[in-house]
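Data from input-v9.tsv: TSV, C-alpha atoms
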chain	number	residue	atom	x	y	z
B	534	MET	CA	-113.02	25.91	66.61
B	535	HIS	CA	-113.06	28.13	69.69
B	536	SER	CA	-113.98	31.73	69.38
B	537	ILE	CA	-112.43	34.43	71.51
B	538	PRO	CA	-114.97	36.41	73.50
B	539	ARG	CA	-115.41	39.89	72.09
B	540	SER	CA	-114.08	41.54	75.27
B	541	ALA	CA	-110.90	39.41	75.15
B	542	ALA	CA	-110.40	40.23	71.46
B	543	LEU	CA	-110.80	43.94	72.23
B	544	ALA	CA	-108.29	43.65	75.08
B	545	LEU	CA	-105.77	42.01	72.71
B	546	VAL	CA	-106.23	44.76	70.12
B	547	LEU	CA	-105.83	47.48	72.76
B	548	ALA	CA	-102.68	45.80	74.13
B	549	ALA	CA	-101.20	45.61	70.62
B	550	LEU	CA	-101.99	49.29	70.01
B	551	ALA	CA	-100.47	50.28	73.35
B	552	SER	CA	-97.23	48.45	72.61
B	553	ALA	CA	-97.06	49.94	69.10
B	554	SER	CA	-97.57	53.46	70.42
B	555	GLN	CA	-94.75	53.02	72.95
B	556	ALA	CA	-92.22	53.05	70.14
B	557	GLN	CA	-93.24	56.55	69.13
B	558	VAL	CA	-90.76	59.37	69.28
B	559	THR	CA	-92.04	62.93	69.07
B	560	ILE	CA	-89.75	65.42	67.33
B	561	LYS	CA	-90.29	69.14	67.88
B	562	ASP	CA	-88.60	72.24	66.51
B	563	ALA	CA	-86.12	70.49	64.21
B	564	TRP	CA	-83.77	72.89	62.42
B	565	VAL	CA	-80.41	73.05	60.68
B	566	ARG	CA	-77.93	75.93	60.90
B	567	ALA	CA	-77.15	77.63	57.56
B	568	THR	CA	-73.60	77.57	56.21
B	569	VAL	CA	-71.33	79.99	54.38
B	570	PRO	CA	-69.92	79.07	50.93
B	571	GLN	CA	-67.35	76.24	51.10
B	572	GLN	CA	-68.29	75.38	54.71
B	573	GLN	CA	-68.31	71.59	54.85
B	574	ALA	CA	-70.29	70.87	58.03
B	575	THR	CA	-73.28	72.06	59.99
B	576	GLY	CA	-75.48	70.92	62.83
B	577	ALA	CA	-79.09	69.79	63.11
B	578	PHE	CA	-80.96	70.46	66.33
B	579	MET	CA	-84.34	69.44	67.77
B	580	GLN	CA	-86.24	68.27	70.83
B	581	LEU	CA	-86.91	64.54	71.16
B	582	ARG	CA	-89.37	62.79	73.47
B	583	ALA	CA	-89.88	59.03	73.51
B	584	ALA	CA	-92.87	57.19	74.95
B	585	ARG	CA	-90.52	54.50	76.32
B	586	ASP	CA	-86.79	54.28	76.99
B	587	THR	CA	-85.15	54.59	73.59
B	588	ARG	CA	-81.84	55.67	72.14
B	589	LEU	CA	-80.98	57.80	69.10
B	590	VAL	CA	-78.31	55.65	67.44
B	591	SER	CA	-77.75	57.18	64.01
B	592	ALA	CA	-78.93	59.64	61.40
B	593	SER	CA	-78.68	60.05	57.63
B	594	SER	CA	-79.55	62.61	54.98
B	595	PRO	CA	-79.59	62.66	51.18
B	596	LEU	CA	-77.69	65.95	51.51
B	597	THR	CA	-74.48	64.10	52.47
B	598	PRO	CA	-73.33	60.52	53.12
B	599	ALA	CA	-71.55	61.63	56.32
B	600	VAL	CA	-74.01	62.19	59.18
B	601	GLU	CA	-73.06	61.51	62.81
B	602	VAL	CA	-74.49	61.99	66.28
B	603	HIS	CA	-72.14	64.31	68.23
B	604	GLU	CA	-71.70	65.79	71.68
B	605	MET	CA	-70.00	69.04	72.63
B	606	ALA	CA	-68.57	68.91	76.14
B	607	MET	CA	-65.90	70.58	78.27
B	608	GLN	CA	-62.75	68.49	78.55
B	609	ASP	CA	-59.64	69.92	80.25
B	610	ASN	CA	-61.17	73.42	80.09
B	611	VAL	CA	-61.60	73.13	76.31
B	612	MET	CA	-64.91	72.67	74.51
B	613	ARG	CA	-64.55	69.56	72.37
B	614	MET	CA	-66.85	67.89	69.88
B	615	ARG	CA	-66.87	64.15	69.47
B	616	GLN	CA	-68.98	61.47	67.85
B	617	VAL	CA	-71.06	59.42	70.30
B	618	PRO	CA	-72.59	55.95	69.81
B	619	GLY	CA	-76.02	57.27	70.77
B	620	VAL	CA	-78.14	59.57	72.91
B	621	ASP	CA	-80.39	58.06	75.57
B	622	LEU	CA	-84.04	59.17	75.55
B	623	PRO	CA	-85.59	58.35	78.95
B	624	ALA	CA	-89.32	57.59	78.69
B	625	GLY	CA	-91.47	60.72	78.69
B	626	LYS	CA	-88.60	63.17	79.22
B	627	PRO	CA	-87.63	65.75	76.59
B	628	VAL	CA	-84.04	65.57	75.35
B	629	GLU	CA	-82.65	68.64	73.58
B	630	LEU	CA	-80.27	68.34	70.67
B	631	LYS	CA	-78.92	71.90	70.73
B	632	PRO	CA	-75.88	74.02	69.95
B	633	GLY	CA	-73.21	73.35	72.57
B	634	GLY	CA	-74.64	69.93	73.48
B	635	TYR	CA	-75.82	66.81	71.68
B	636	HIS	CA	-76.58	67.39	67.99
B	637	VAL	CA	-76.65	65.72	64.59
B	638	MET	CA	-73.62	66.68	62.48
B	639	LEU	CA	-73.96	66.91	58.69
B	640	MET	CA	-70.41	66.65	57.29
B	641	ASN	CA	-68.59	66.68	53.94
B	642	LEU	CA	-71.18	69.05	52.48
B	643	THR	CA	-70.75	69.69	48.76
B	644	GLN	CA	-73.10	72.68	48.62
B	645	GLN	CA	-74.06	75.63	50.78
B	646	VAL	CA	-77.04	75.14	53.09
B	647	LYS	CA	-79.07	78.34	52.92
B	648	ALA	CA	-81.65	79.85	55.29
B	649	GLY	CA	-85.11	78.97	54.01
B	650	ASP	CA	-84.04	75.57	52.62
B	651	THR	CA	-85.35	72.34	54.12
B	652	VAL	CA	-83.03	69.43	54.93
B	653	PRO	CA	-84.48	65.89	55.03
B	654	ILE	CA	-82.99	63.84	57.88
B	655	THR	CA	-83.71	60.25	58.88
B	656	LEU	CA	-83.20	59.51	62.57
B	657	VAL	CA	-82.76	55.92	63.74
B	658	PHE	CA	-83.92	54.98	67.24
B	659	GLU	CA	-83.27	51.72	69.06
B	660	GLY	CA	-85.46	50.40	71.87
B	661	LYS	CA	-84.31	48.34	74.85
B	662	ASP	CA	-85.44	45.27	72.88
B	663	GLY	CA	-82.92	46.06	70.12
B	664	LYS	CA	-85.63	46.89	67.58
B	665	ARG	CA	-84.90	49.91	65.41
B	666	GLU	CA	-87.31	52.52	64.10
B	667	SER	CA	-86.53	55.18	61.48
B	668	VAL	CA	-88.21	58.59	61.62
B	669	GLN	CA	-88.15	61.12	58.79
B	670	VAL	CA	-87.75	64.81	59.66
B	671	GLN	CA	-87.93	67.85	57.37
B	672	ALA	CA	-85.71	70.38	59.14
B	673	PRO	CA	-85.92	74.02	58.04
B	674	VAL	CA	-82.62	75.86	57.70
B	675	ARG	CA	-82.17	78.88	59.96
B	676	PRO	CA	-79.66	81.74	59.62
B	677	LEU	CA	-76.06	81.30	60.80
B	678	ASN	CA	-76.70	83.30	63.98
B	679	ALA	CA	-79.61	81.10	65.11
B	680	THR	CA	-78.96	79.62	68.55
B	681	ALA	CA	-82.36	78.41	69.76
B	682	ALA	CA	-85.75	77.40	68.48
B	683	PRO	CA	-88.35	80.10	67.88
B	684	VAL	CA	-91.99	79.64	68.85
B	685	ALA	CA	-93.08	76.09	68.01
B	686	HIS	CA	-94.79	75.58	64.67
B	687	GLY	CA	-96.14	72.14	65.53
B	688	GLU	CA	-94.65	68.76	66.09
B	689	HIS	CA	-94.11	65.54	64.19
B	690	LYS	CA	-95.27	62.27	65.72
B	691	HIS	CA	-94.04	58.98	64.35
Would you give me this structure, written as C-alpha cells?
Amino acid sequence: MHSIPRSAALALVLAALASASQAQVTIKDAWVRATVPQQQATGAFMQLRAARDTRLVSASSPLTPAVEVHEMAMQDNVMRMRQVPGVDLPAGKPVELKPGGYHVMLMNLTQQVKAGDTVPITLVFEGKDGKRESVQVQAPVRPLNATAAPVAHGEHKH
C-alpha cells in the first residue's frame, strides 16, 4: 500500500476546504416589511455576497407556501413587479435585494406580520455546476415605513 506524503495530504485537504468555502453565501441585514391587517403579501430584503458565481433561484418560508423571487422595474413608464427565475450573484460582489428592486415576495399571508416578529426564510442558491445550497435566514420584521437597512447588527455566513 502506498502512503501519500504528508505535504500532499495537506494540499488535498486545503483544496477540499477551498472548494467547500467557495459555495458560501454571506447574507447581511435581512429584514421583512410589516403588514397591516388583511394584507396578503410583503417583501423580504437583504444583501447577498457569494464567494463564487452563484444564483438565487428560490425561497421558502413556513409563514406561507407562496414565496417567489421578484423584480420591480420600469416598463413603459410604469413600475411593474414580476417573478424572475433567479438573481445572479457575481463572485465577491454585493447584490442588494431592496424595495424597488429585486426582493423575495411572501404571498398569500394568512396572518399579519408585525414589527418585532422574526420571519424564517430559506434561500436556495445554485452554482454554475448546477449544485444547490439552502441557507436559513431569520429576518426581523421592520415597521411599514422602513425603506433601508439600519446599522448592521452582524452577518450570517453559510
Can you tell me, as a PDB file with C-alpha atoms, in the coordinates of the input, what residues are no more than 8 Å from stretch 605-611 of chain B when counting all atoms listed in the file, ignoring any on the same chain fewer than 5 positions away?
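What ended up in part.pdb:
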ATOM      1  CA  GLY B 633     -73.210  73.350  72.570  1.00  0.00           C
ATOM      2  CA  GLY B 634     -74.640  69.930  73.480  1.00  0.00           C
ATOM      3  CA  TYR B 635     -75.820  66.810  71.680  1.00  0.00           C
TER       4      TYR B 635
END
Would you list the residues near (-85.5, 51.1, 60.8) (no more than 12 Å away, in the coordinates of the file, using only C-alpha atoms) as a compact mmCIF listing (two decimals) with C-alpha atoms, in the coordinates of the input?
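Contents of the output file selection.txt:
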# COMPACT_ATOMS: atom_id res chain seq x y z
CA ALA B 556 -92.22 53.05 70.14
CA LEU B 589 -80.98 57.80 69.10
CA VAL B 590 -78.31 55.65 67.44
CA SER B 591 -77.75 57.18 64.01
CA ALA B 592 -78.93 59.64 61.40
CA SER B 593 -78.68 60.05 57.63
CA THR B 655 -83.71 60.25 58.88
CA LEU B 656 -83.20 59.51 62.57
CA VAL B 657 -82.76 55.92 63.74
CA PHE B 658 -83.92 54.98 67.24
CA GLU B 659 -83.27 51.72 69.06
CA GLY B 660 -85.46 50.40 71.87
CA GLY B 663 -82.92 46.06 70.12
CA LYS B 664 -85.63 46.89 67.58
CA ARG B 665 -84.90 49.91 65.41
CA GLU B 666 -87.31 52.52 64.10
CA SER B 667 -86.53 55.18 61.48
CA VAL B 668 -88.21 58.59 61.62
CA GLN B 669 -88.15 61.12 58.79
Exercise for review: Starting from the point (-84.2, 53.7, 75.5), work out which residues of protein, DNA or RNA have an atom no more than 9 Å away when counting all atoms listed in the file; state them as a ChimeraX atom specification.
Suggested key: /B:583,585-589,620-624,658-662
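Excluding stretch 569-581 of chain B itself and same-chain residues fewer than 5 positions from it, the residues having an atom within 8 Å of it are Val558, Thr559, Ile560, Lys561, Asp562, Ala563, Trp564, Leu622, Pro627, Val628, Glu629, Leu630, Lys631, Pro632, His636, Val637, Met638, Leu639, Met640, Asn641, Leu642, Thr643, Gln644, Gln645, Val646 and Ala672 of chain B, counting only C-alpha atoms.
Minimum distance to B:Glu601 across B:Ala567, B:Val674, B:Ile654, B:Ala648 (counting all atoms listed in the file) occurs at B:Ile654.
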Check your understanding: Taking into account all atoms listed in the file, which residue in the set B:Arg566, B:Arg582, B:Arg615, B:His603 is nearest to B:Asp650?
Key ->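 For B:Asp650, the nearest of the given residues is B:Arg566.
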**Study point:** Separation of atom CA of B:Ala679 from atom CA of B:Gly649, in Å and rounded to one decimal
**Key:**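 A separation of 12.6 Å between them.
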Point to revise | Option closest in space to B:Thr597, from B:Leu677, B:Pro653, B:Met612, B:Ala584 [counting only C-alpha atoms] | key: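 Checking each candidate against B:Thr597, we get B:Pro653 as the closest.
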Review point. When you draw a straight line from atom CA of B:Thr568 to atom CA of B:Gln616, how long is it in Å?
Key: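 Computed distance, atom CA of B:Thr568 to atom CA of B:Gln616, equals 20.4 Å.
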Review point. What gap, in Å, lies between atom CA of B:Val652 and atom CA of B:Gln671?
Key: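 Value for the atom CA of B:Val652-atom CA of B:Gln671 distance: 5.7 Å.
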